[in-house]
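These notes concern the structure reproduced below.
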Amino acid sequence: MASFDKADIEKLIDGVLPWPATQDMLKSSKDEDRFDKYVEIMQARVEFDDPILLPLTPDLYIVNDNGERVVKCTCGQSFGDYRVNWKLSALIYVRDDEEKMSQVYVGREMPDPSWLQLREYICPNCGRQHEVEAVPRGCPPDFEFLPDLDTFYSEWLGRPLPDTVAFEDKTLEKINSW
Ligand SMILES: [Zn+2]
């Protein structure tokens with residue numbers, strides 16, 4: 001595959017290709033420079049100065065915030081340690097009855113609200129909706145993506161991060177501390 005230049009990467013991000021294709025491009029890359037260009041573009045778009053370590057979604061990033069690896073929204077709002085499901089720090093709007101469900105299932109078959117609910121995860125600072133999840137009642141929030149940052153930097157990019165942290169899901173630890 002030909003090397004992507006910055007304009008190509010910018011097009012990918014802007015939705016000429018869907019997000020999975022963007023991730024594919026990064027995964028299949030032998031040209032690690034692509035990742036750097038990609039991060040450079042995103043860094044220019046966000047409203048914070050902490051260096052981006054890895055984009056998670058179009059509006060969520062793992063960043064280096066004074067030595068701590070935390071998840072931040074484009075607006076700069078922190079969602080805490082990246083090893084804790086960021087959804088725990090979001091505002092959550094739950095649609096769990098027919099009236100609330102019918103606002104989004106207009107003209108489509110609505111799931112049965114007695115067993116399924118819709119959860120919208122929203123940034124408490126800027127109001128961006130980061131994720132919508134349709135799950136059975138009582139189901140814990142899905143933790144979609146816990147990347148092994150140290151392996152990514154050392155083995156894929158060939159430049160280990162200056163510090164390493166234990167690669168583990170700390171979500172339950174956080175819940176237990178409540
Ligand atoms: Zn925000």
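Letters A, B, ... mark the chains of the structure tokens in the order given; residue numbers begin at 1 per chain; ligand numbers begin at 1, in order shown.
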
Proximity check chain A to ligand 1, 12 Å, nearest pairs one decimal Å, only C-alpha atoms and all ligand atoms, as JSON lines:
{"residue": "A:Val46", "atom": "CA", "partner": "ligand 1", "partner_atom_place_in_ligand_line": "1 (Zn)", "distance": 10.1}
{"residue": "A:Glu47", "atom": "CA", "partner": "ligand 1", "partner_atom_place_in_ligand_line": "1 (Zn)", "distance": 9.4}
{"residue": "A:Phe48", "atom": "CA", "partner": "ligand 1", "partner_atom_place_in_ligand_line": "1 (Zn)", "distance": 10.8}
{"residue": "A:Pro58", "atom": "CA", "partner": "ligand 1", "partner_atom_place_in_ligand_line": "1 (Zn)", "distance": 11.7}
{"residue": "A:Asp59", "atom": "CA", "partner": "ligand 1", "partner_atom_place_in_ligand_line": "1 (Zn)", "distance": 8.0}
{"residue": "A:Leu60", "atom": "CA", "partner": "ligand 1", "partner_atom_place_in_ligand_line": "1 (Zn)", "distance": 8.6}
{"residue": "A:Tyr61", "atom": "CA", "partner": "ligand 1", "partner_atom_place_in_ligand_line": "1 (Zn)", "distance": 11.1}
{"residue": "A:Val71", "atom": "CA", "partner": "ligand 1", "partner_atom_place_in_ligand_line": "1 (Zn)", "distance": 10.9}
{"residue": "A:Lys72", "atom": "CA", "partner": "ligand 1", "partner_atom_place_in_ligand_line": "1 (Zn)", "distance": 7.8}
{"residue": "A:Cys73", "atom": "CA", "partner": "ligand 1", "partner_atom_place_in_ligand_line": "1 (Zn)", "distance": 4.6}
{"residue": "A:Thr74", "atom": "CA", "partner": "ligand 1", "partner_atom_place_in_ligand_line": "1 (Zn)", "distance": 5.7}
{"residue": "A:Cys75", "atom": "CA", "partner": "ligand 1", "partner_atom_place_in_ligand_line": "1 (Zn)", "distance": 4.3}
{"residue": "A:Gly76", "atom": "CA", "partner": "ligand 1", "partner_atom_place_in_ligand_line": "1 (Zn)", "distance": 6.3}
{"residue": "A:Gln77", "atom": "CA", "partner": "ligand 1", "partner_atom_place_in_ligand_line": "1 (Zn)", "distance": 5.3}
{"residue": "A:Ser78", "atom": "CA", "partner": "ligand 1", "partner_atom_place_in_ligand_line": "1 (Zn)", "distance": 8.3}
{"residue": "A:Phe79", "atom": "CA", "partner": "ligand 1", "partner_atom_place_in_ligand_line": "1 (Zn)", "distance": 9.6}
{"residue": "A:Ser89", "atom": "CA", "partner": "ligand 1", "partner_atom_place_in_ligand_line": "1 (Zn)", "distance": 11.4}
{"residue": "A:Ala90", "atom": "CA", "partner": "ligand 1", "partner_atom_place_in_ligand_line": "1 (Zn)", "distance": 9.5}
{"residue": "A:Leu91", "atom": "CA", "partner": "ligand 1", "partner_atom_place_in_ligand_line": "1 (Zn)", "distance": 10.7}
{"residue": "A:Tyr121", "atom": "CA", "partner": "ligand 1", "partner_atom_place_in_ligand_line": "1 (Zn)", "distance": 11.0}
{"residue": "A:Ile122", "atom": "CA", "partner": "ligand 1", "partner_atom_place_in_ligand_line": "1 (Zn)", "distance": 7.9}
{"residue": "A:Cys123", "atom": "CA", "partner": "ligand 1", "partner_atom_place_in_ligand_line": "1 (Zn)", "distance": 4.6}
{"residue": "A:Pro124", "atom": "CA", "partner": "ligand 1", "partner_atom_place_in_ligand_line": "1 (Zn)", "distance": 6.6}
{"residue": "A:Asn125", "atom": "CA", "partner": "ligand 1", "partner_atom_place_in_ligand_line": "1 (Zn)", "distance": 5.0}
{"residue": "A:Cys126", "atom": "CA", "partner": "ligand 1", "partner_atom_place_in_ligand_line": "1 (Zn)", "distance": 4.1}
{"residue": "A:Gly127", "atom": "CA", "partner": "ligand 1", "partner_atom_place_in_ligand_line": "1 (Zn)", "distance": 6.0}
{"residue": "A:Arg128", "atom": "CA", "partner": "ligand 1", "partner_atom_place_in_ligand_line": "1 (Zn)", "distance": 5.6}
{"residue": "A:Gln129", "atom": "CA", "partner": "ligand 1", "partner_atom_place_in_ligand_line": "1 (Zn)", "distance": 8.6}
{"residue": "A:His130", "atom": "CA", "partner": "ligand 1", "partner_atom_place_in_ligand_line": "1 (Zn)", "distance": 8.8}

Quick one: residues within 10 Å of Leu161 (chain A), only C-alpha atoms counted, chain neighbours fewer than 6 positions away excluded, as a PyMOL selection string?
chain A and resi 53+149-154

Rounded to one decimal place, report the CA of Glu168 (chain A)-CA of Arg69 (chain A) distance in Å.
13.1 Å

Of the listed residues A:Asp148, A:Asp112, A:Glu68, A:Asp81, that which approaches Thr171 (chain A) most closely, counting only C-alpha atoms:
A:Asp81

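Taking region 120-156 of chain A and asking which residues DSSP calls strand (DSSP E or B) on the backbone, you get Glu120, Tyr121, Ile122, Gln129, His130, Glu131, Val132, Glu133, Ala134, Val135 and Pro136 of chain A.
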
Dump of C-alpha atoms for the selected residues, as a short mmCIF file (atom, residue, chain, number, x, y, z; two decimals), in the first residue's frame:
data_model
loop_
_atom_site.label_atom_id
_atom_site.label_comp_id
_atom_site.auth_asym_id
_atom_site.auth_seq_id
_atom_site.Cartn_x
_atom_site.Cartn_y
_atom_site.Cartn_z
CA GLU A 120 -26.55 7.63 26.27
CA TYR A 121 -23.11 8.58 27.62
CA ILE A 122 -22.59 12.32 27.59
CA GLN A 129 -22.72 12.35 23.18
CA HIS A 130 -19.85 9.84 23.19
CA GLU A 131 -21.68 6.57 22.99
CA VAL A 132 -25.11 4.98 22.91
CA GLU A 133 -25.59 1.48 24.18
CA ALA A 134 -28.65 -0.79 23.97
CA VAL A 135 -28.34 -3.33 26.75
CA PRO A 136 -30.50 -5.52 28.97
#

Between A:Leu118, A:Met110, A:Leu157, A:Val63, which residue has the minimum interatomic distance to Gly80 (chain A), considering only C-alpha atoms?
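Nearest candidate to Gly80 (chain A) out of A:Leu118, A:Met110, A:Leu157, A:Val63: A:Val63.
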
At what distance in Å, to one decimal, does CA of Gly138 (chain A) lie from CA of Leu88 (chain A)?
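The value is 14.7 Å.
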
Write out as an MDAnalysis selection string all residues of chain A that DSSP puts in helix (DSSP H, G or I) for this structure's backbone.
chainID A and resid 6:13 19:27 33:45 86:89 98:102 149:156 171:176

Would you mind exporting N, CA and C atoms of the selected residues as a short mmCIF file (atom, residue, chain, number, x, y, z; two decimals), in the first residue's frame?
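part-v8.cif, written as the output of this step:
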data_model
loop_
_atom_site.label_atom_id
_atom_site.label_comp_id
_atom_site.auth_asym_id
_atom_site.auth_seq_id
_atom_site.Cartn_x
_atom_site.Cartn_y
_atom_site.Cartn_z
N LYS A 6 -0.56 13.38 4.76
CA LYS A 6 -1.39 13.98 5.80
C LYS A 6 -2.80 14.29 5.28
N ALA A 7 -2.90 14.74 4.04
CA ALA A 7 -4.22 15.09 3.49
C ALA A 7 -5.10 13.85 3.39
N ASP A 8 -4.50 12.72 3.01
CA ASP A 8 -5.27 11.47 2.94
C ASP A 8 -5.80 11.10 4.30
N ILE A 9 -4.94 11.23 5.30
CA ILE A 9 -5.34 10.86 6.65
C ILE A 9 -6.45 11.79 7.13
N GLU A 10 -6.32 13.06 6.80
CA GLU A 10 -7.34 14.03 7.20
C GLU A 10 -8.69 13.65 6.57
N LYS A 11 -8.66 13.20 5.32
CA LYS A 11 -9.90 12.77 4.65
C LYS A 11 -10.52 11.58 5.35
N LEU A 12 -9.67 10.65 5.74
CA LEU A 12 -10.18 9.46 6.45
C LEU A 12 -10.89 9.86 7.73
N ILE A 13 -10.25 10.76 8.46
CA ILE A 13 -10.83 11.19 9.73
C ILE A 13 -12.15 11.90 9.49
N TRP A 19 -14.88 5.08 10.39
CA TRP A 19 -13.92 4.92 11.47
C TRP A 19 -13.21 3.57 11.47
N PRO A 20 -13.91 2.45 11.26
CA PRO A 20 -13.19 1.17 11.25
C PRO A 20 -12.10 1.11 10.19
N ALA A 21 -12.35 1.77 9.07
CA ALA A 21 -11.33 1.78 8.03
C ALA A 21 -10.11 2.57 8.48
N THR A 22 -10.35 3.61 9.24
CA THR A 22 -9.25 4.40 9.77
C THR A 22 -8.39 3.54 10.69
N GLN A 23 -9.08 2.78 11.55
CA GLN A 23 -8.33 1.92 12.46
C GLN A 23 -7.56 0.85 11.70
N ASP A 24 -8.19 0.34 10.66
CA ASP A 24 -7.55 -0.65 9.80
C ASP A 24 -6.27 -0.11 9.19
N MET A 25 -6.39 1.10 8.69
CA MET A 25 -5.24 1.75 8.07
C MET A 25 -4.07 1.80 9.06
N LEU A 26 -4.40 2.12 10.32
CA LEU A 26 -3.35 2.22 11.32
C LEU A 26 -2.79 0.86 11.67
N LYS A 27 -3.66 -0.14 11.74
CA LYS A 27 -3.23 -1.48 12.13
C LYS A 27 -2.33 -2.12 11.09
N ASP A 33 4.88 6.35 10.71
CA ASP A 33 4.75 7.78 10.54
C ASP A 33 3.28 8.18 10.36
N ARG A 34 2.50 7.27 9.79
CA ARG A 34 1.07 7.51 9.61
C ARG A 34 0.39 7.82 10.93
N PHE A 35 0.77 7.04 11.92
CA PHE A 35 0.17 7.24 13.23
C PHE A 35 0.51 8.63 13.76
N ASP A 36 1.77 9.01 13.57
CA ASP A 36 2.19 10.32 14.06
C ASP A 36 1.46 11.45 13.35
N LYS A 37 1.27 11.30 12.03
CA LYS A 37 0.53 12.34 11.29
C LYS A 37 -0.91 12.41 11.78
N TYR A 38 -1.45 11.25 11.99
CA TYR A 38 -2.84 11.16 12.46
C TYR A 38 -3.00 11.86 13.81
N VAL A 39 -2.08 11.55 14.72
CA VAL A 39 -2.14 12.17 16.05
C VAL A 39 -1.92 13.69 15.95
N GLU A 40 -1.03 14.07 15.05
CA GLU A 40 -0.74 15.50 14.86
C GLU A 40 -2.02 16.25 14.43
N ILE A 41 -2.76 15.63 13.53
CA ILE A 41 -4.01 16.24 13.06
C ILE A 41 -5.00 16.38 14.21
N MET A 42 -5.14 15.29 14.98
CA MET A 42 -6.11 15.33 16.08
C MET A 42 -5.68 16.33 17.15
N GLN A 43 -4.36 16.39 17.39
CA GLN A 43 -3.86 17.30 18.42
C GLN A 43 -4.22 18.75 18.08
N ALA A 44 -4.23 19.06 16.79
CA ALA A 44 -4.56 20.43 16.38
C ALA A 44 -6.05 20.72 16.53
N ARG A 45 -6.85 19.67 16.66
CA ARG A 45 -8.30 19.87 16.73
C ARG A 45 -8.85 19.93 18.14
N TRP A 86 -14.33 4.70 31.01
CA TRP A 86 -14.62 6.14 31.04
C TRP A 86 -16.11 6.42 31.24
N LYS A 87 -16.94 5.44 30.93
CA LYS A 87 -18.40 5.66 31.05
C LYS A 87 -18.82 5.94 32.49
N LEU A 88 -18.00 5.47 33.46
CA LEU A 88 -18.33 5.73 34.86
C LEU A 88 -18.26 7.22 35.19
N SER A 89 -17.53 7.99 34.39
CA SER A 89 -17.37 9.42 34.66
C SER A 89 -18.23 10.28 33.73
N GLU A 98 -41.52 3.36 27.32
CA GLU A 98 -41.99 3.51 25.94
C GLU A 98 -41.91 4.95 25.46
N GLU A 99 -42.23 5.88 26.36
CA GLU A 99 -42.25 7.28 25.95
C GLU A 99 -40.84 7.74 25.52
N LYS A 100 -39.84 7.44 26.35
CA LYS A 100 -38.48 7.87 26.03
C LYS A 100 -37.91 7.11 24.84
N MET A 101 -38.25 5.84 24.74
CA MET A 101 -37.75 5.03 23.61
C MET A 101 -38.35 5.52 22.30
N SER A 102 -39.63 5.90 22.35
CA SER A 102 -40.31 6.26 21.10
C SER A 102 -39.72 7.54 20.50
N LEU A 149 -1.35 0.02 25.88
CA LEU A 149 -0.57 1.16 25.38
C LEU A 149 0.91 0.88 25.31
N ASP A 150 1.45 0.22 26.35
CA ASP A 150 2.90 -0.01 26.36
C ASP A 150 3.33 -0.93 25.23
N THR A 151 2.52 -1.99 24.99
CA THR A 151 2.84 -2.89 23.88
C THR A 151 2.70 -2.16 22.54
N PHE A 152 1.66 -1.37 22.43
CA PHE A 152 1.45 -0.62 21.19
C PHE A 152 2.65 0.26 20.87
N TYR A 153 3.13 1.01 21.87
CA TYR A 153 4.26 1.91 21.63
C TYR A 153 5.57 1.16 21.43
N SER A 154 5.79 0.11 22.24
CA SER A 154 7.09 -0.55 22.13
C SER A 154 7.16 -1.47 20.92
N GLU A 155 6.07 -2.23 20.66
CA GLU A 155 6.18 -3.22 19.58
C GLU A 155 5.67 -2.74 18.24
N TRP A 156 4.66 -1.90 18.20
CA TRP A 156 4.15 -1.43 16.92
C TRP A 156 4.87 -0.18 16.44
N THR A 171 -11.64 -0.99 36.44
CA THR A 171 -13.02 -0.50 36.60
C THR A 171 -13.66 -0.96 37.91
N LEU A 172 -13.50 -2.24 38.23
CA LEU A 172 -14.14 -2.75 39.45
C LEU A 172 -13.54 -2.12 40.70
N GLU A 173 -12.22 -1.92 40.64
CA GLU A 173 -11.52 -1.27 41.75
C GLU A 173 -12.16 0.09 42.04
N LYS A 174 -12.46 0.81 40.97
CA LYS A 174 -13.06 2.13 41.11
C LYS A 174 -14.47 2.02 41.70
N ILE A 175 -15.24 1.07 41.19
CA ILE A 175 -16.61 0.89 41.70
C ILE A 175 -16.57 0.51 43.18
N ASN A 176 -15.64 -0.35 43.53
CA ASN A 176 -15.54 -0.79 44.93
C ASN A 176 -15.16 0.34 45.87
#

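When only C-alpha atoms are used to compute distances to Thr164 (chain A), the closest of the residues A:Asp96, A:Thr57, A:Gln117, A:Gly67 turns out to be A:Gly67.
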